[in-house]
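With mmCIF, C-alpha atoms inside, this is coords-v5.cif:
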```
data_structure
loop_
_atom_site.label_atom_id
_atom_site.label_comp_id
_atom_site.auth_asym_id
_atom_site.auth_seq_id
_atom_site.Cartn_x
_atom_site.Cartn_y
_atom_site.Cartn_z
CA MET A 1 -16.07 -7.11 17.05
CA ASN A 2 -15.55 -10.38 15.17
CA ILE A 3 -16.51 -10.33 11.51
CA PRO A 4 -17.24 -13.76 9.97
CA LEU A 5 -14.85 -14.48 7.16
CA LYS A 6 -16.09 -15.54 3.76
CA ASP A 7 -14.81 -18.55 1.86
CA ARG A 8 -11.02 -18.57 1.66
CA ASN A 9 -11.19 -18.82 -2.14
CA MET A 10 -11.19 -15.11 -2.85
CA SER A 11 -11.38 -15.66 -6.60
CA ALA A 12 -14.83 -17.12 -6.01
CA SER A 13 -16.01 -14.29 -3.75
CA ARG A 14 -14.74 -11.45 -6.02
CA SER A 15 -15.73 -8.97 -3.31
CA LEU A 16 -13.79 -6.15 -5.02
CA ALA A 17 -15.04 -6.75 -8.57
CA GLY A 18 -15.32 -3.46 -10.47
CA LYS A 19 -12.97 -1.67 -8.09
CA VAL A 20 -9.52 -0.21 -8.79
CA SER A 21 -6.62 -0.59 -6.37
CA LEU A 22 -3.20 1.09 -6.21
CA VAL A 23 -0.44 -0.58 -4.19
CA THR A 24 2.79 1.40 -3.88
CA GLY A 25 6.03 -0.53 -3.60
CA SER A 26 4.36 -3.58 -5.13
CA THR A 27 6.91 -5.08 -7.50
CA SER A 28 8.15 -7.43 -4.76
CA GLY A 29 7.68 -8.52 -1.16
CA ILE A 30 4.71 -7.45 0.94
CA GLY A 31 3.39 -5.07 -1.72
CA LEU A 32 3.32 -7.72 -4.43
CA GLY A 33 1.56 -10.13 -2.09
CA ILE A 34 -1.08 -7.50 -1.36
CA ALA A 35 -1.52 -6.72 -5.07
CA ARG A 36 -2.06 -10.42 -5.81
CA ALA A 37 -4.62 -10.67 -3.00
CA LEU A 38 -6.56 -7.65 -4.26
CA ALA A 39 -6.55 -9.03 -7.81
CA GLY A 40 -7.80 -12.32 -6.41
CA ALA A 41 -10.75 -10.41 -4.93
CA GLY A 42 -11.59 -9.06 -8.40
CA SER A 43 -10.02 -5.60 -8.28
CA ALA A 44 -8.10 -4.05 -11.15
CA VAL A 45 -4.62 -3.35 -9.82
CA VAL A 46 -1.99 -0.68 -10.42
CA LEU A 47 1.51 -1.81 -9.48
CA ASN A 48 4.24 0.64 -8.53
CA GLY A 49 7.90 0.24 -7.67
CA PHE A 50 11.33 -0.42 -9.07
CA GLY A 51 12.70 -3.47 -10.83
CA ALA A 52 13.69 -4.95 -14.15
CA ALA A 53 11.20 -4.02 -16.87
CA ALA A 54 10.97 -7.58 -18.18
CA GLU A 55 10.27 -9.00 -14.71
CA ILE A 56 7.59 -6.38 -14.00
CA ALA A 57 5.94 -7.14 -17.35
CA ARG A 58 5.92 -10.86 -16.51
CA THR A 59 4.41 -10.17 -13.12
CA LYS A 60 1.67 -8.01 -14.64
CA ASP A 61 0.78 -10.66 -17.21
CA GLU A 62 0.81 -13.42 -14.61
CA ILE A 63 -1.55 -11.63 -12.22
CA ALA A 64 -3.89 -10.59 -15.03
CA ALA A 65 -4.05 -14.11 -16.45
CA GLU A 66 -4.53 -15.77 -13.07
CA HIS A 67 -7.31 -13.49 -11.84
CA GLY A 68 -8.88 -12.08 -15.01
CA VAL A 69 -8.41 -8.44 -14.02
CA LYS A 70 -6.68 -5.45 -15.58
CA VAL A 71 -3.16 -4.93 -14.22
CA SER A 72 -1.11 -1.85 -15.03
CA TYR A 73 2.15 -0.40 -13.78
CA SER A 74 3.37 3.06 -12.81
CA PRO A 75 7.11 3.72 -12.40
CA ALA A 76 6.43 6.85 -10.32
CA ASP A 77 9.32 7.77 -8.02
CA MET A 78 7.76 8.02 -4.55
CA THR A 79 10.35 10.58 -3.45
CA ARG A 80 8.95 13.10 -5.97
CA PRO A 81 5.56 14.72 -5.21
CA GLU A 82 5.14 15.72 -8.86
CA ALA A 83 5.63 12.12 -10.00
CA ILE A 84 3.06 10.96 -7.45
CA SER A 85 0.60 13.59 -8.68
CA GLU A 86 1.07 12.44 -12.28
CA MET A 87 0.52 8.80 -11.30
CA MET A 88 -2.66 9.55 -9.38
CA ALA A 89 -4.06 11.74 -12.15
CA ALA A 90 -3.34 9.05 -14.74
CA ILE A 91 -5.13 6.37 -12.71
CA VAL A 92 -8.26 8.48 -12.29
CA ALA A 93 -8.16 9.55 -15.94
CA GLU A 94 -7.99 5.93 -17.12
CA HIS A 95 -10.46 4.34 -14.69
CA ASP A 96 -12.55 7.31 -13.50
CA ARG A 97 -12.11 5.98 -9.99
CA LEU A 98 -9.67 4.80 -7.33
CA ASP A 99 -11.24 2.63 -4.67
CA VAL A 100 -8.42 1.05 -2.68
CA LEU A 101 -5.11 2.71 -1.86
CA VAL A 102 -2.38 0.70 -0.14
CA ASN A 103 0.63 2.74 0.93
CA ASN A 104 3.35 0.13 1.19
CA ALA A 105 6.45 1.75 -0.36
CA GLY A 106 9.35 1.77 2.06
CA ILE A 107 13.12 1.64 2.42
CA GLN A 108 15.44 1.07 5.36
CA TYR A 109 18.88 2.22 6.49
CA VAL A 110 20.62 1.40 9.77
CA ALA A 111 23.15 3.65 11.53
CA PRO A 112 23.69 5.32 14.93
CA LEU A 113 21.75 8.55 15.31
CA ASP A 114 24.84 10.76 15.40
CA GLN A 115 26.19 9.08 12.26
CA PHE A 116 22.95 8.86 10.30
CA PRO A 117 23.48 10.30 6.80
CA ILE A 118 21.22 13.30 6.15
CA GLU A 119 20.43 12.09 2.63
CA LYS A 120 19.28 8.72 4.01
CA TRP A 121 17.06 10.43 6.58
CA ASP A 122 15.47 12.57 3.85
CA ALA A 123 14.96 9.60 1.51
CA ILE A 124 13.36 7.39 4.16
CA LEU A 125 11.00 10.12 5.34
CA SER A 126 10.07 10.92 1.73
CA ILE A 127 9.27 7.35 0.72
CA ASN A 128 8.02 5.86 3.98
CA LEU A 129 5.89 8.80 5.16
CA SER A 130 5.53 11.77 2.81
CA SER A 131 4.56 9.63 -0.18
CA ALA A 132 1.58 8.32 1.79
CA PHE A 133 0.46 11.87 2.56
CA HIS A 134 0.58 12.73 -1.14
CA THR A 135 -1.27 9.63 -2.35
CA MET A 136 -3.94 10.03 0.34
CA ARG A 137 -4.62 13.70 -0.36
CA LEU A 138 -4.90 12.95 -4.08
CA ALA A 139 -7.01 9.79 -3.70
CA LEU A 140 -9.66 11.19 -1.36
CA PRO A 141 -11.46 13.40 -3.94
CA ALA A 142 -12.10 10.41 -6.24
CA MET A 143 -13.18 8.26 -3.29
CA ARG A 144 -15.61 10.92 -2.10
CA ARG A 145 -16.98 11.36 -5.62
CA ASN A 146 -17.68 7.62 -5.94
CA LYS A 147 -18.84 7.34 -2.32
CA PHE A 148 -16.40 4.51 -1.70
CA GLY A 149 -12.84 4.38 -0.42
CA ARG A 150 -10.45 2.14 1.46
CA ILE A 151 -7.00 3.36 2.52
CA ILE A 152 -4.56 0.89 4.08
CA ASN A 153 -1.26 2.27 5.32
CA ILE A 154 1.33 -0.40 6.00
CA ALA A 155 3.07 0.40 9.24
CA SER A 156 5.22 -1.92 11.34
CA ALA A 157 6.00 -2.89 14.89
CA HIS A 158 8.22 0.19 14.63
CA GLY A 159 5.09 2.33 14.43
CA LEU A 160 4.60 1.48 18.11
CA VAL A 161 8.05 0.76 19.51
CA ALA A 162 11.62 1.79 18.76
CA SER A 163 14.81 -0.04 17.85
CA PRO A 164 18.36 1.29 17.99
CA PHE A 165 20.04 2.51 14.80
CA LYS A 166 16.72 2.94 12.94
CA ALA A 167 15.96 6.61 13.65
CA ALA A 168 14.44 7.48 10.28
CA TYR A 169 12.47 4.25 9.85
CA VAL A 170 11.00 4.41 13.36
CA ALA A 171 10.13 8.10 12.98
CA ALA A 172 8.44 7.45 9.64
CA LYS A 173 6.42 4.48 10.89
CA HIS A 174 5.25 6.37 13.97
CA GLY A 175 4.25 9.13 11.55
CA ILE A 176 2.28 6.70 9.39
CA VAL A 177 0.26 5.57 12.37
CA GLY A 178 -0.51 9.16 13.33
CA LEU A 179 -1.34 10.17 9.76
CA THR A 180 -3.77 7.26 9.44
CA LYS A 181 -5.53 8.21 12.68
CA VAL A 182 -5.99 11.79 11.46
CA ALA A 183 -7.38 10.63 8.11
CA ALA A 184 -9.75 8.20 9.82
CA LEU A 185 -11.14 10.99 11.99
CA GLU A 186 -11.54 13.36 9.05
CA THR A 187 -13.38 10.80 6.90
CA ARG A 188 -15.32 9.06 9.66
CA GLY A 189 -18.73 7.92 8.51
CA ARG A 190 -17.83 8.26 4.83
CA HIS A 191 -14.84 6.00 4.14
CA HIS A 192 -13.32 3.01 5.86
CA LEU A 193 -9.66 3.56 6.68
CA GLN A 194 -7.46 0.85 8.09
CA CYS A 195 -3.93 0.94 9.45
CA ASP A 196 -2.30 -2.45 9.05
CA LEU A 197 0.55 -3.18 11.47
CA PRO A 198 2.37 -6.29 10.24
CA GLY A 199 5.36 -7.56 12.17
CA LEU A 200 8.81 -8.01 10.71
CA ARG A 201 9.24 -10.40 7.78
CA LEU A 202 11.65 -11.06 4.92
CA HIS A 203 11.34 -8.20 2.45
CA PRO A 204 13.66 -5.77 0.64
CA ALA A 205 13.63 -3.15 3.41
CA GLY A 206 14.75 -5.46 6.21
CA ARG A 207 14.94 -9.01 7.53
CA GLY A 208 12.71 -10.95 9.91
CA THR A 209 9.62 -13.10 9.91
CA ASP A 210 5.92 -12.37 9.62
CA ARG A 211 2.68 -13.72 8.26
CA ARG A 212 2.41 -14.36 4.53
CA PRO A 213 2.69 -11.38 2.16
CA GLY A 214 -0.73 -9.94 1.41
CA GLN A 215 -2.43 -11.50 4.45
CA GLY A 216 -3.87 -8.14 5.53
CA ALA A 217 -5.40 -7.59 2.10
CA ARG A 218 -6.82 -11.12 2.07
CA ASP A 219 -8.45 -10.55 5.46
CA PHE A 220 -9.77 -7.17 4.26
CA ALA A 221 -11.43 -8.70 1.20
CA ARG A 222 -12.73 -11.78 3.00
CA ALA A 223 -14.41 -9.62 5.64
CA GLY A 224 -16.88 -8.65 2.94
CA TYR A 225 -16.03 -5.00 2.39
CA PRO A 226 -17.78 -4.41 -0.95
#
```
Take the structure I supplied and represent it as structure tokens, if you would.
Amino acid sequence: MNIPLKDRNMSASRSLAGKVSLVTGSTSGIGLGIARALAGAGSAVVLNGFGAAAEIARTKDEIAAEHGVKVSYSPADMTRPEAISEMMAAIVAEHDRLDVLVNNAGIQYVAPLDQFPIEKWDAILSINLSSAFHTMRLALPAMRRNKFGRIINIASAHGLVASPFKAAYVAAKHGIVGLTKVAALETRGRHHLQCDLPGLRLHPAGRGTDRRPGQGARDFARAGYP
């Protein structure tokens, strides 16, 4: 089904005005592009990720000034379920809602399967897959309460196919696709869930090429999802 796109000036459409969005792994790369796109659609945005405090503060101020929305930051470590729980509780406590959740946090490590470090396997599965499970389970109650919710899980070509030397990354991305399908079935008719599958591009977890950062979020907002 083809959905007519609205004007490409998302700041004018403001289709997400009054909403609150969390983008994990959003201090750089794809995540930051998505956060900017959501802010451009009028949503308040919560950034998350690692980086220099001064640079993150500048980014927050820049997005807020450009789009006239509230921008905050959570340093939650996505390998720690308790840190994720604290982040989610703080967002709901401050805004009394969470409307859009984008699970983008991810890391990469390359090694042959029989030489893959156990600690790297555990870290990649924690950040690339388990963190999405935790944010989703904690976001759904607020979305149900407000009768609105959009969950976008950033997968990859590696959610569909494999590459050598990327055992943990491929396993996690296949898991993300499966997790999103389960959530879509469980919330069918009540919330719109979308699994975005961008190709490879230049970003901190790997190297390659893809469409512009945030393109999926721009398409999502332009499609007129209120």
How close does segment 70-149 of chain A get to segment 48-51 of chain A? List, as a Markdown table, each residue of segment 70-149 of chain A within 7 Å, its nearest atom pair and the distance in Å to one decimal, counting all atoms listed in the file.
```
| residue | atom | partner | partner_atom | distance |
| --- | --- | --- | --- | --- |
| A:Tyr73 | CA | A:Asn48 | CA | 5.7 |
| A:Ser74 | CA | A:Asn48 | CA | 5.0 |
| A:Pro75 | CA | A:Asn48 | CA | 5.7 |
| A:Ala76 | CA | A:Asn48 | CA | 6.8 |
```
Which residue is closest to Leu179 of chain A? Choose from A:Met87, A:Ala155, A:Ala162, A:Val23 and count only C-alpha atoms.
A:Ala155
Identify, on the basis of all atoms listed in the file, every residue whose closest approach to Pro164 of chain A does not exceed 10 Å; exclude the query and any residue fewer than 6 positions from it along the same chain; express the result as a list in words.
Val110, Ala111, Pro112, Leu113 and Val170 of chain A
Residues returned when the PyMOL selection byres ((chain A and resi 22) around 6) runs on this file, as a ChimeraX atom specification:
/A:21,23,45-46,101
Is there a way to get, as a ChimeraX atom specification, all residues within 9 Å of the point (-13.5, -11.6, -15.2) in file coordinates, counting all atoms listed in the file?
/A:17,42,67-69
For the residues in that selection, give me C-alpha atoms as a PDB file, keeping the file's coordinate frame.
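As a result, result02.pdb now contains:
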```pdb
ATOM      1  CA  ALA A  17     -15.040  -6.750  -8.570  1.00  0.00           C
ATOM      2  CA  GLY A  42     -11.590  -9.060  -8.400  1.00  0.00           C
ATOM      3  CA  HIS A  67      -7.310 -13.490 -11.840  1.00  0.00           C
ATOM      4  CA  GLY A  68      -8.880 -12.080 -15.010  1.00  0.00           C
ATOM      5  CA  VAL A  69      -8.410  -8.440 -14.020  1.00  0.00           C
TER       6      VAL A  69
END
```
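Take atom CA of Ser28 of chain A and atom CA of Ser156 of chain A: the distance between them is 17.3 Å.
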Going by the chain IDs and residue numbers used in this file, which residues fall under the PyMOL selection byres ((chain A and resi 80) around 12)? Write them as a ChimeraX atom specification.
/A:75-79,81-87,122-123,125-127,130-132,134-135
Taking only C-alpha atoms into account, which of A:Asp99, A:Thr24, A:Ile91, A:Lys60 comes nearest Arg145 of chain A?
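Among the listed residues, the smallest separation from Arg145 of chain A belongs to A:Asp99.
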For a quick check of understanding, using all atoms listed in the file, which of A:Gly33, A:Gly175, A:Trp121, A:Phe148 has the smallest distance to Leu160 of chain A?
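Smallest distance to Leu160 of chain A is found for A:Gly175.
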Selected residue of minimal separation from Arg150 of chain A among A:Leu98, A:Ala172, A:Leu138, A:Leu32, counting all atoms listed in the file
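With all atoms listed in the file as the atom set, the closest residue is A:Leu98.
Using all atoms listed in the file for every distance, the candidate list A:Thr187, A:Ser72, A:Ser13, A:Ser163 yields A:Thr187 as the residue closest to Leu140 of chain A.
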